Every structure is written in structure tokens, then in C-alpha cells.
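Structure first, commentary second.
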Amino acid sequence: MIPSPTDPQVTVLMPTYGQSGFIRRALDSLLAQSMQDWEAILIDDGSPDDTAAIVAPFLLDARVRYRRLPHNTGLGNALNCALDLARAPLIACLPSDDVFYRDHLASLCAALHAHPGAVLAYAGVRHHYNREADGLIAGGALQLVQCMYRRSELRWTDRDELESDDLERLFWSRLRAQGAFTGTGRVTCDWTSHPAQRHKLMQEPAGGINPFRQHYRVREPLRFHTTVGNAIDEVAQYRAMRARPPTPPADDGLTILLAGELAYNADRVLALEEQGHTLHGLWMRAPYWYNTVGPLPFGHVREVRLSRWREALAQLRPHIIHAQLNWQAVPFCHELMLATPGVPFVWHFKEGPFICLEKGSWPQLIDLFELADGCIFSSPEMRDWFDTVLPGLSTSKPCHVLDGDLPKASWFGDVRTPLLSAAGDGELHTVVPGRPIGLHPHTVGELAAQGIHLHFYGDFTHGQWRQWIADARRLAPRHLHLHANVDQSRWVDEFSRYDAGWLHAFASTNQGELRRANWDDLNYPARMATLAAAGLPMIQRRNEGAIVATQSLSRTLGTGLFYDSIAHLGALLRDRPHMDALREQVWSQRALFTFDAHVPELVAFFRQVIAAAGSNRSRGERTATG
């Protein structure tokens, strides 16, 4: 065994989680350093793989120490745990998926010795396999593998305060306040690019809070802000929901397994728990950023471990499985349906029949509709469209219509903000929360000519629409306004100041023939509920003679503002008595845009499915047809 130095010159911090396929390469590069006067503190942050077994042979070198945390606590805490064990005056970092070259530690030490006033030295780095940077990689902060710094009392920001991919915010900025950073000018390490890198798991759209939560098995609410996304404070947002005691089960309460993913406004499901039903969650693998999966930050849903879900369901024996919601969940929900022939199964589909065609999951989607004991469609138009795919589907089994993204009623405050247009300058103000779909830059110019402002919310979305913003501002420099994202708690306060809000702007081409319908025709955008919460008339093209879900619903409820041209829209918005009446009509109907309002009908539908499934039990196991 190689003895550990009594007074090492450098402590190398190695945080790791689930990287057993990389870690031998990293440790081998450490053992090969030309400078040997080091110690390594390896903090295993609750890895679910065989990291401990992989690391064991390296512990024959007494310079390498290994500590395993019982569950994942985050990068900041893992680094702080290692710092608390460090003995050397200098600190270097070797993430377990990165690599040191032979003279890396020696060159960084030399740089710090040559610059006594410097608190950190950084190396050049190879990245993305064949690119190099002398210091900062373009578009990012200094990476851990590049850096060596003088040990102090400073500690990294941990998960309780913030999870971010921005290392400046997590530590470097505080260290920078204590002195200069100096570079070696030499490329002496590799920053390895792969899909499971922490920053990739964090950054939308490939990553995001939901992929991050699932990968690291985060159990608690997060304060989360990446360099490309919106700030999310789940701690504050869901504090009251988590703090309240569980609802006692009702005498006739159902045990409901929620399966797949919950997408937007996921906390809506608490309306079921508040009626005395017991909720369990079993979630799809590899979610997108908007595919909400567990552990859910608002609590009151009992998680079923994905690794042992078959055994767990055999013990749980739920009354019903409510599988949902978007196209990404189709493969997993299909697998679950075939594996649970004795449990009544409801398939609730929101978005993506056309994407399922493109992605190759169409056969599984068809199986879900054909073999499920009950089906929920997001709109009547979606139901009727699937009847053209599977003739007679909606009459062959219990079926129901319910939008999948409706929010919880508790977010719908009762106090509205005075209209911006009441200032008396004659200018009108409209809002688009999220992507300005169908609003082209020239449309913004036409709005400006009518004295109509467009307020565009979503700072992450702005980054995706940079060219659109630049083009629209050239045409309407005074009438396009950018705002940060607004969460549910501020919907009413923030959006009620506007005269009206935009749904997706499109001209339907289906000519009243359902088979010609596309996704815009069939969909209820999630923003409908946002606008309804604030009592905003919903601006949309007048698509006379076409089958359009939003048009049908808005005409039924009296919530729509239908235009033929932007000049026509301007005239409608300037009709104050009509607009005042329309806003009051939307306000009176807004409860219908909450999930809570539909819970009694949904539970009645579940009971209908359970009864029907019981009478059909002789059908045997579900068998895929595709």
C-alpha cells in the first residue's frame, strides 16, 4: 500500500454520482501525476450503481479516501463534505468523468507559487473531444477540473440554497472577491462531454428540473436556476401544500396509481387527494423538462420505486391506474398496461398523435387506446379524431373528455389589477404567456400600427426566439415588451392588467373535415387556463367553417375574441363596453379551467371504468396487437 502523506500539498476533491463507467479513468489519471504529494477525497453522493466496488482497488493507495453518502445531496454538499476532510493548503477538483494530464497538478501548483496574490489557478482544457481552450470555454464558467485554489473557510452553495449549473454563482464569484485568478496557459486536462453531465441534465430543453430530479433522485423541493432557464423556487411555491397534513382517506376513497408523467400544473392531482383518495406515483424514465415526474415536490403522492415497480404493484393492488399524458410517456405506459392485466387501466392522452407517428410509437399508442379499460381525451375534437383512426372507439368502452394540463383552483386569486390601457393614452395591451405561436414579426408591426402592445412572457423562451424578437423590435420598437416567466401564484395579479391574451394564432385549413385536422385544430393550449385565471378574453383567429377545439370551447363559454385581421382586432379591442362585458364573462367561467371543478366527474368516470373492467374480467390478459 502506498502511504498517505502526512502533510499533502494538494487535496483533490472528487464528487461522484452514478459514474462507475468513468471513474477508473479519472483515478488512473490522478495516480499518474508527475507530482505525487497529494491526497484525494472521493465523495460518493449516493450512487445507485457499483461505484463502491469499482473504487475499492484504488483504496489500496492510502492517499485515496472514500466516503459514501446515504442518498444524493447535490454537488455543493458533496464538495463541502470533501473540503471538511481536506488537509492540504491547496484544493484541486477532479469530477469523476474528467481526466488530468500528467503535469496538471504540478503546473497549477507552480502558477500559484509564482503568483502569491492569486487565490485560484486554472489550466487550459480540452473539451468536446478535440477542441481546446486556454481558459474559459466559450459560453461557460471555469470548470472544476481546470482549477486549483487556496483553501479557506469558504464553502460551496449547497442544494438547500440553490441548485445551478452556474459555478460562478455556486463558488467562484465569492472566491474571486478574495483575490486574482491566474492561468497556466497550458492545456493539461479533459472536460468530458457526455449526455449525463450535470449541466446538460439541468439546462432546458434537453435537461431541466424534471430530468435533473429523476436522475439524481431528489426527494425534496428545489430552488433551481440554470444559466438558460427560469428561476424556480419549489420550496416557496409548494410550502403550504407540503406542510398541511394528509387528507384522511374517504370511506369509499380510491387507491389511484398515477403513471407516466404529469406535464404542466402537476400539483392539480392534489385535488383528488383532498377528496380522500390515496395517490401513488410511478413515473416514466428520461423525462423532458416539462414532463413532471416524481418524487413530486408538493408531496401527498406516495412514490413507487421504478426499479421494483412490478413487485410494488403486486402488493399495492390499486383500484385503478391513471396513465398519462404526452407522447413521451407512451412507451412506458404501454409497458405498464401490458404488465397489469388485472388492474383497471385508464389512458389519458394530451399531446402528440402526430409526433407518435414520426417517432415510431404509433403502434403502442393504438394499443393504449384499444386495450385500455377507459380512455380520456383532451378535447371533444381529439376524441372524434381518434374515432377516425379506430372507428367506434369512443362508444366501445367508457370514455371521457378532460384537458390534461388544468391547474389547481388554489392558484386562482380573486383580486385583479387595473388595466394598463386605463391610463388614457388610447394604447391597448395584449399578452402572450409562452411562445408567440403564429405571431410573426410583421404581425407585431401590424399590432403597433393599431396602437396595440404585445407583452411576451418567458425569459427562457426569449432565448429561443432571439431572431424573432430582433425582427419584431425593428418593426415595432415601442410595442414589444419582454417579461420574465410568471408562476401560478402571480397569474391573476400580473396578467389581469392586460386587455386580452393570445392563444395560438393560426388559420385552420381543415375546411370542416376532421381527417384534415392538425394538432393546432385539436389542441387546448396550456395557456388557456392561465388567461382564464386572470379573466382575459382569448384572442384567436376566426376560423369559420373549420373544426377547431379552442374555437368551439370559447364559443360555448363565451370567452373568445375572434378576429379576421389585425385591423379588425383593433376595432374589437377598442369597443370598451363589449370588452368589459367579455372580461366579466371570462371571469365568471374561469372555475371551469381548474382541475378541481372536474374531479367529481373524473372520479365518477373512474368508478364506471372499475365496474366495467370487473364485468369484463374474463377477457384475460391484455395482448399487444402491434
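Residue names in the C-alpha cells use chain letters A, B, ... in the order shown, residue numbers from 1 in each chain, and ligand numbers from 1 in the order shown.
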Expected answer as a ChimeraX atom specification: alpha helix (DSSP H) residues in region 289-415 of chain A
/A:309-316,330-339,353-359,362-371,380-389,393-396
Mind checking DSSP for region 364-485 of chain A and telling me the strand (DSSP E) residues as a ChimeraX atom specification?
/A:374-377,399-401,428-433,452-457,480-483
Given the selection you just returned, output its residues as a file containing N, CA, C and O atoms, formatted as a PDB file, in the first residue's frame.
ATOM      1  N   GLY A 374     -60.484   2.247 -20.101  1.00  0.00           N
ATOM      2  CA  GLY A 374     -61.154   3.524 -20.302  1.00  0.00           C
ATOM      3  C   GLY A 374     -60.191   4.514 -20.916  1.00  0.00           C
ATOM      4  O   GLY A 374     -58.973   4.404 -20.739  1.00  0.00           O
ATOM      5  N   CYS A 375     -60.723   5.474 -21.666  1.00  0.00           N
ATOM      6  CA  CYS A 375     -59.883   6.473 -22.337  1.00  0.00           C
ATOM      7  C   CYS A 375     -60.371   7.882 -21.997  1.00  0.00           C
ATOM      8  O   CYS A 375     -61.585   8.131 -21.942  1.00  0.00           O
ATOM      9  N   ILE A 376     -59.405   8.774 -21.789  1.00  0.00           N
ATOM     10  CA  ILE A 376     -59.709  10.187 -21.588  1.00  0.00           C
ATOM     11  C   ILE A 376     -59.043  10.971 -22.711  1.00  0.00           C
ATOM     12  O   ILE A 376     -57.838  10.824 -22.946  1.00  0.00           O
ATOM     13  N   PHE A 377     -59.822  11.789 -23.397  1.00  0.00           N
ATOM     14  CA  PHE A 377     -59.335  12.623 -24.489  1.00  0.00           C
ATOM     15  C   PHE A 377     -59.271  14.069 -24.021  1.00  0.00           C
ATOM     16  O   PHE A 377     -60.103  14.521 -23.219  1.00  0.00           O
ATOM     17  N   CYS A 399     -65.488   6.343 -21.992  1.00  0.00           N
ATOM     18  CA  CYS A 399     -64.621   7.419 -22.475  1.00  0.00           C
ATOM     19  C   CYS A 399     -65.047   8.734 -21.832  1.00  0.00           C
ATOM     20  O   CYS A 399     -66.210   8.928 -21.466  1.00  0.00           O
ATOM     21  N   HIS A 400     -64.095   9.626 -21.713  1.00  0.00           N
ATOM     22  CA  HIS A 400     -64.311  10.886 -21.005  1.00  0.00           C
ATOM     23  C   HIS A 400     -63.469  11.951 -21.695  1.00  0.00           C
ATOM     24  O   HIS A 400     -62.485  11.624 -22.386  1.00  0.00           O
ATOM     25  N   VAL A 401     -63.837  13.215 -21.522  1.00  0.00           N
ATOM     26  CA  VAL A 401     -63.066  14.331 -22.073  1.00  0.00           C
ATOM     27  C   VAL A 401     -62.603  15.219 -20.924  1.00  0.00           C
ATOM     28  O   VAL A 401     -63.415  15.663 -20.104  1.00  0.00           O
ATOM     29  N   LEU A 428     -53.553  49.999 -26.359  1.00  0.00           N
ATOM     30  CA  LEU A 428     -54.092  48.740 -25.871  1.00  0.00           C
ATOM     31  C   LEU A 428     -52.954  47.771 -25.567  1.00  0.00           C
ATOM     32  O   LEU A 428     -51.883  47.860 -26.177  1.00  0.00           O
ATOM     33  N   HIS A 429     -53.192  46.847 -24.660  1.00  0.00           N
ATOM     34  CA  HIS A 429     -52.121  45.954 -24.209  1.00  0.00           C
ATOM     35  C   HIS A 429     -52.614  44.511 -24.206  1.00  0.00           C
ATOM     36  O   HIS A 429     -53.589  44.171 -23.538  1.00  0.00           O
ATOM     37  N   THR A 430     -51.915  43.663 -24.969  1.00  0.00           N
ATOM     38  CA  THR A 430     -52.220  42.232 -25.018  1.00  0.00           C
ATOM     39  C   THR A 430     -51.018  41.446 -24.518  1.00  0.00           C
ATOM     40  O   THR A 430     -49.887  41.949 -24.504  1.00  0.00           O
ATOM     41  N   VAL A 431     -51.251  40.190 -24.145  1.00  0.00           N
ATOM     42  CA  VAL A 431     -50.184  39.386 -23.538  1.00  0.00           C
ATOM     43  C   VAL A 431     -50.117  38.022 -24.202  1.00  0.00           C
ATOM     44  O   VAL A 431     -51.144  37.454 -24.596  1.00  0.00           O
ATOM     45  N   VAL A 432     -48.897  37.506 -24.343  1.00  0.00           N
ATOM     46  CA  VAL A 432     -48.683  36.132 -24.785  1.00  0.00           C
ATOM     47  C   VAL A 432     -47.769  35.452 -23.754  1.00  0.00           C
ATOM     48  O   VAL A 432     -46.583  35.760 -23.672  1.00  0.00           O
ATOM     49  N   PRO A 433     -48.340  34.574 -22.898  1.00  0.00           N
ATOM     50  CA  PRO A 433     -47.508  33.833 -21.942  1.00  0.00           C
ATOM     51  C   PRO A 433     -46.920  32.600 -22.621  1.00  0.00           C
ATOM     52  O   PRO A 433     -47.646  31.674 -22.989  1.00  0.00           O
ATOM     53  N   ILE A 452     -51.552  48.682 -30.530  1.00  0.00           N
ATOM     54  CA  ILE A 452     -51.693  47.511 -29.662  1.00  0.00           C
ATOM     55  C   ILE A 452     -50.307  47.014 -29.266  1.00  0.00           C
ATOM     56  O   ILE A 452     -49.487  46.687 -30.124  1.00  0.00           O
ATOM     57  N   HIS A 453     -50.054  46.952 -27.981  1.00  0.00           N
ATOM     58  CA  HIS A 453     -48.788  46.438 -27.458  1.00  0.00           C
ATOM     59  C   HIS A 453     -48.872  44.918 -27.285  1.00  0.00           C
ATOM     60  O   HIS A 453     -49.937  44.371 -26.999  1.00  0.00           O
ATOM     61  N   LEU A 454     -47.719  44.271 -27.429  1.00  0.00           N
ATOM     62  CA  LEU A 454     -47.623  42.835 -27.187  1.00  0.00           C
ATOM     63  C   LEU A 454     -46.611  42.615 -26.065  1.00  0.00           C
ATOM     64  O   LEU A 454     -45.442  42.989 -26.195  1.00  0.00           O
ATOM     65  N   HIS A 455     -47.048  41.986 -24.994  1.00  0.00           N
ATOM     66  CA  HIS A 455     -46.196  41.684 -23.845  1.00  0.00           C
ATOM     67  C   HIS A 455     -45.902  40.190 -23.865  1.00  0.00           C
ATOM     68  O   HIS A 455     -46.806  39.363 -23.730  1.00  0.00           O
ATOM     69  N   PHE A 456     -44.632  39.866 -24.024  1.00  0.00           N
ATOM     70  CA  PHE A 456     -44.164  38.494 -24.261  1.00  0.00           C
ATOM     71  C   PHE A 456     -43.473  38.008 -22.990  1.00  0.00           C
ATOM     72  O   PHE A 456     -42.438  38.550 -22.590  1.00  0.00           O
ATOM     73  N   TYR A 457     -44.052  36.982 -22.345  1.00  0.00           N
ATOM     74  CA  TYR A 457     -43.537  36.454 -21.078  1.00  0.00           C
ATOM     75  C   TYR A 457     -42.785  35.146 -21.297  1.00  0.00           C
ATOM     76  O   TYR A 457     -43.228  34.283 -22.049  1.00  0.00           O
ATOM     77  N   LEU A 480     -43.289  46.069 -28.421  1.00  0.00           N
ATOM     78  CA  LEU A 480     -42.963  44.730 -27.954  1.00  0.00           C
ATOM     79  C   LEU A 480     -42.262  44.835 -26.613  1.00  0.00           C
ATOM     80  O   LEU A 480     -41.254  45.537 -26.483  1.00  0.00           O
ATOM     81  N   HIS A 481     -42.781  44.120 -25.623  1.00  0.00           N
ATOM     82  CA  HIS A 481     -42.242  44.181 -24.264  1.00  0.00           C
ATOM     83  C   HIS A 481     -41.930  42.766 -23.785  1.00  0.00           C
ATOM     84  O   HIS A 481     -42.766  41.853 -23.921  1.00  0.00           O
ATOM     85  N   LEU A 482     -40.750  42.576 -23.228  1.00  0.00           N
ATOM     86  CA  LEU A 482     -40.315  41.272 -22.750  1.00  0.00           C
ATOM     87  C   LEU A 482     -40.389  41.221 -21.226  1.00  0.00           C
ATOM     88  O   LEU A 482     -39.975  42.166 -20.541  1.00  0.00           O
ATOM     89  N   HIS A 483     -40.912  40.120 -20.704  1.00  0.00           N
ATOM     90  CA  HIS A 483     -41.069  39.944 -19.260  1.00  0.00           C
ATOM     91  C   HIS A 483     -40.580  38.567 -18.848  1.00  0.00           C
ATOM     92  O   HIS A 483     -40.636  37.615 -19.631  1.00  0.00           O
TER      93      HIS A 483
END
I'd like the interatomic distance between CA of Asp521 (chain A) and CA of Ala549 (chain A), to a tenth of an Å.
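Separating CA of Asp521 (chain A) from CA of Ala549 (chain A) is a distance of 5.9 Å.
Note that the spacing between CA of Leu475 (chain A) and CA of Leu572 (chain A) amounts to 22.8 Å.
Among the candidates A:Glu153, A:Asp98, A:Glu311, A:Asp596, the residue lying nearest to Lys408 (chain A) is A:Asp596 (atoms considered: only C-alpha atoms).
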Spatial neighbours of Ser173 (chain A), max dist 12 Å, only C-alpha atoms, sep filter under 2 positions, as a tab-separated table (two decimals) with N, CA and C atoms, in the first residue's frame:
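Result written to out_6.tsv:
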chain	number	residue	atom	x	y	z
A	119	VAL	N	-5.63	33.65	-5.81
A	119	VAL	CA	-6.32	32.67	-4.97
A	119	VAL	C	-6.70	31.43	-5.76
A	120	LEU	N	-6.64	31.53	-7.09
A	120	LEU	CA	-7.00	30.37	-7.93
A	120	LEU	C	-6.15	30.36	-9.18
A	141	ALA	N	-18.53	28.88	-17.51
A	141	ALA	CA	-17.64	29.29	-16.42
A	141	ALA	C	-16.42	28.38	-16.41
A	142	LEU	N	-15.45	28.72	-15.57
A	142	LEU	CA	-14.34	27.80	-15.35
A	142	LEU	C	-14.88	26.49	-14.81
A	154	LEU	N	-14.32	29.44	2.98
A	154	LEU	CA	-15.42	29.50	2.02
A	154	LEU	C	-15.93	28.10	1.70
A	155	ARG	N	-17.24	27.99	1.52
A	155	ARG	CA	-17.84	26.73	1.15
A	155	ARG	C	-18.76	26.94	-0.06
A	156	TRP	N	-19.01	25.85	-0.76
A	156	TRP	CA	-19.86	25.88	-1.94
A	156	TRP	C	-21.33	26.03	-1.54
A	157	THR	N	-22.09	26.71	-2.39
A	157	THR	CA	-23.54	26.79	-2.19
A	157	THR	C	-24.12	25.39	-2.30
A	166	ASP	N	-24.36	27.13	-12.80
A	166	ASP	CA	-23.51	28.30	-12.85
A	166	ASP	C	-22.50	28.24	-11.70
A	167	LEU	N	-21.27	27.79	-11.99
A	167	LEU	CA	-20.27	27.65	-10.94
A	167	LEU	C	-19.83	28.99	-10.39
A	168	GLU	N	-19.99	30.05	-11.16
A	168	GLU	CA	-19.71	31.39	-10.63
A	168	GLU	C	-20.61	31.69	-9.44
A	169	ARG	N	-21.89	31.39	-9.59
A	169	ARG	CA	-22.83	31.65	-8.51
A	169	ARG	C	-22.61	30.70	-7.34
A	170	LEU	N	-22.20	29.48	-7.64
A	170	LEU	CA	-22.05	28.48	-6.59
A	170	LEU	C	-20.79	28.67	-5.76
A	171	PHE	N	-19.73	29.28	-6.36
A	171	PHE	CA	-18.49	29.42	-5.58
A	171	PHE	C	-17.50	30.43	-6.15
A	175	LEU	N	-15.01	33.41	-4.25
A	175	LEU	CA	-13.57	33.25	-4.19
A	175	LEU	C	-12.87	34.39	-4.91
A	176	ARG	N	-13.46	34.82	-6.03
A	176	ARG	CA	-12.85	35.90	-6.82
A	176	ARG	C	-12.76	37.19	-6.01
A	177	ALA	N	-13.67	37.38	-5.07
A	177	ALA	CA	-13.65	38.57	-4.24
A	177	ALA	C	-12.45	38.60	-3.30
A	178	GLN	N	-11.78	37.45	-3.12
A	178	GLN	CA	-10.64	37.38	-2.21
A	178	GLN	C	-9.30	37.56	-2.90
A	179	GLY	N	-9.30	37.56	-4.23
A	179	GLY	CA	-8.02	37.72	-4.92
A	179	GLY	C	-8.13	37.39	-6.40
A	180	ALA	N	-6.98	37.42	-7.07
A	180	ALA	CA	-6.94	37.23	-8.52
A	180	ALA	C	-6.98	35.76	-8.90
A	181	PHE	N	-7.42	35.51	-10.14
A	181	PHE	CA	-7.31	34.19	-10.77
A	181	PHE	C	-6.20	34.28	-11.81
Closest of A:Ala526, A:Ala507, A:Val330, A:Val603 to Phe562 (chain A) - atom-to-atom distances counting only C-alpha atoms:
A:Ala507
Skip Gln540 (chain A) itself and residues of its chain fewer than 5 positions away, then list as a ChimeraX atom specification all residues within 12 Å of it, counting only C-alpha atoms.
/A:432,437-439,500-508,520-521,525,528,548-555,559-566,568-569
For Ser496 (chain A), which residue among A:Arg416, A:Arg541, A:Arg308, A:Arg102 is the nearest when counting only C-alpha atoms?
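Counting only C-alpha atoms, the residue closest to Ser496 (chain A) is A:Arg416.
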Can you tell me, as JSON, numbers by chain, what residues are no more than 7 Å from Pro211 (chain A) when counting only C-alpha atoms, ignoring any on the same chain fewer than 5 positions away?
{"A": [201, 286, 287, 288, 289]}
Take the residues that were just selected and, keeping N, CA, C and O atoms, output them as a PDB file, in the first residue's frame.
ATOM      1  N   LEU A 201     -27.975  17.868 -17.812  1.00  0.00           N
ATOM      2  CA  LEU A 201     -29.189  17.413 -17.154  1.00  0.00           C
ATOM      3  C   LEU A 201     -29.994  18.574 -16.583  1.00  0.00           C
ATOM      4  O   LEU A 201     -31.202  18.443 -16.362  1.00  0.00           O
ATOM      5  N   ALA A 286     -36.447   8.995 -18.171  1.00  0.00           N
ATOM      6  CA  ALA A 286     -35.890  10.033 -19.051  1.00  0.00           C
ATOM      7  C   ALA A 286     -36.924  11.065 -19.474  1.00  0.00           C
ATOM      8  O   ALA A 286     -37.249  11.208 -20.653  1.00  0.00           O
ATOM      9  N   PRO A 287     -37.484  11.830 -18.535  1.00  0.00           N
ATOM     10  CA  PRO A 287     -38.488  12.838 -18.895  1.00  0.00           C
ATOM     11  C   PRO A 287     -37.872  14.041 -19.599  1.00  0.00           C
ATOM     12  O   PRO A 287     -36.688  14.331 -19.449  1.00  0.00           O
ATOM     13  N   TYR A 288     -38.691  14.765 -20.360  1.00  0.00           N
ATOM     14  CA  TYR A 288     -38.317  16.074 -20.879  1.00  0.00           C
ATOM     15  C   TYR A 288     -38.493  17.085 -19.749  1.00  0.00           C
ATOM     16  O   TYR A 288     -39.064  16.802 -18.703  1.00  0.00           O
ATOM     17  N   TRP A 289     -38.043  18.325 -20.006  1.00  0.00           N
ATOM     18  CA  TRP A 289     -38.065  19.320 -18.924  1.00  0.00           C
ATOM     19  C   TRP A 289     -39.481  19.613 -18.439  1.00  0.00           C
ATOM     20  O   TRP A 289     -39.702  19.921 -17.272  1.00  0.00           O
TER      21      TRP A 289
END
Could you jot down the CA of Gln9 (chain A) to CA of Val187 (chain A) separation for me, Å, one decimal place?
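Interatomic distance here is 21.6 Å.
Residues in contact with Pro353 (chain A) at 12 Å, where only C-alpha atoms are counted and same-chain residues fewer than 6 positions away are skipped, are listed as Leu325, Asn326, Trp327, Gln328, Val330, Lys359, Gly360, Ser361, Trp362, Pro363, Gln364, Leu365, Ile366, Phe369, Phe377, Ser378, Met382, Arg383, Trp385, Phe386, Val389, Ala517, Asn518, Trp519, Asp520, Leu522 and Asn523 of chain A.
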Which residues are close to region 395-398 of chain A, i.e. within 8 Å by only C-alpha atoms, leaving aside same-chain residues fewer than 5 positions away? Reply as JSON, numbers by chain.
{"A": [373, 374, 375, 605, 608, 609, 612]}
Quick one: which region 194-266 of chain A residues come within 7 Å of region 50-73 of chain A, and what is the nearest atom pair for each with the distance in Å to one decimal, counting only C-alpha atoms, rows ordered by chain and ascending number, as a Markdown table?
| residue | atom | partner | partner_atom | distance |
| --- | --- | --- | --- | --- |
| A:Tyr216 | CA | A:Asn72 | CA | 6.3 |
| A:Arg217 | CA | A:Asn72 | CA | 6.9 |
| A:Val218 | CA | A:Asn72 | CA | 6.9 |
Using only all heavy atoms, please write the residues we just selected to a file, as a short mmCIF file (atom, residue, chain, number, x, y, z; two decimals), in the first residue's frame.
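Written out: selection.cif:
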data_model
loop_
_atom_site.label_atom_id
_atom_site.label_comp_id
_atom_site.auth_asym_id
_atom_site.auth_seq_id
_atom_site.Cartn_x
_atom_site.Cartn_y
_atom_site.Cartn_z
N TYR A 216 -30.98 12.40 -10.32
CA TYR A 216 -30.31 12.45 -9.02
C TYR A 216 -31.21 11.98 -7.87
O TYR A 216 -30.80 12.03 -6.71
CB TYR A 216 -29.80 13.86 -8.74
CG TYR A 216 -28.64 14.24 -9.64
CD1 TYR A 216 -28.82 15.09 -10.72
CD2 TYR A 216 -27.37 13.73 -9.42
CE1 TYR A 216 -27.76 15.43 -11.56
CE2 TYR A 216 -26.30 14.05 -10.24
CZ TYR A 216 -26.51 14.90 -11.30
OH TYR A 216 -25.45 15.22 -12.13
N ARG A 217 -32.42 11.56 -8.20
CA ARG A 217 -33.35 11.04 -7.19
C ARG A 217 -33.57 12.03 -6.06
O ARG A 217 -33.53 11.68 -4.86
CB ARG A 217 -32.85 9.69 -6.65
CG ARG A 217 -32.61 8.66 -7.75
CD ARG A 217 -32.22 7.30 -7.21
NE ARG A 217 -32.04 6.34 -8.30
CZ ARG A 217 -31.84 5.05 -8.13
NH1 ARG A 217 -31.77 4.54 -6.91
NH2 ARG A 217 -31.70 4.24 -9.16
N VAL A 218 -33.82 13.27 -6.45
CA VAL A 218 -34.01 14.34 -5.47
C VAL A 218 -35.37 14.17 -4.80
O VAL A 218 -36.39 14.08 -5.48
CB VAL A 218 -33.90 15.73 -6.14
CG1 VAL A 218 -34.10 16.83 -5.10
CG2 VAL A 218 -32.55 15.87 -6.82
#
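Residue nearest Thr255 (chain A) within the list A:Arg174, A:His115, A:His598, A:Arg607: A:Arg607 [criterion: smallest interatomic distance, only C-alpha atoms].
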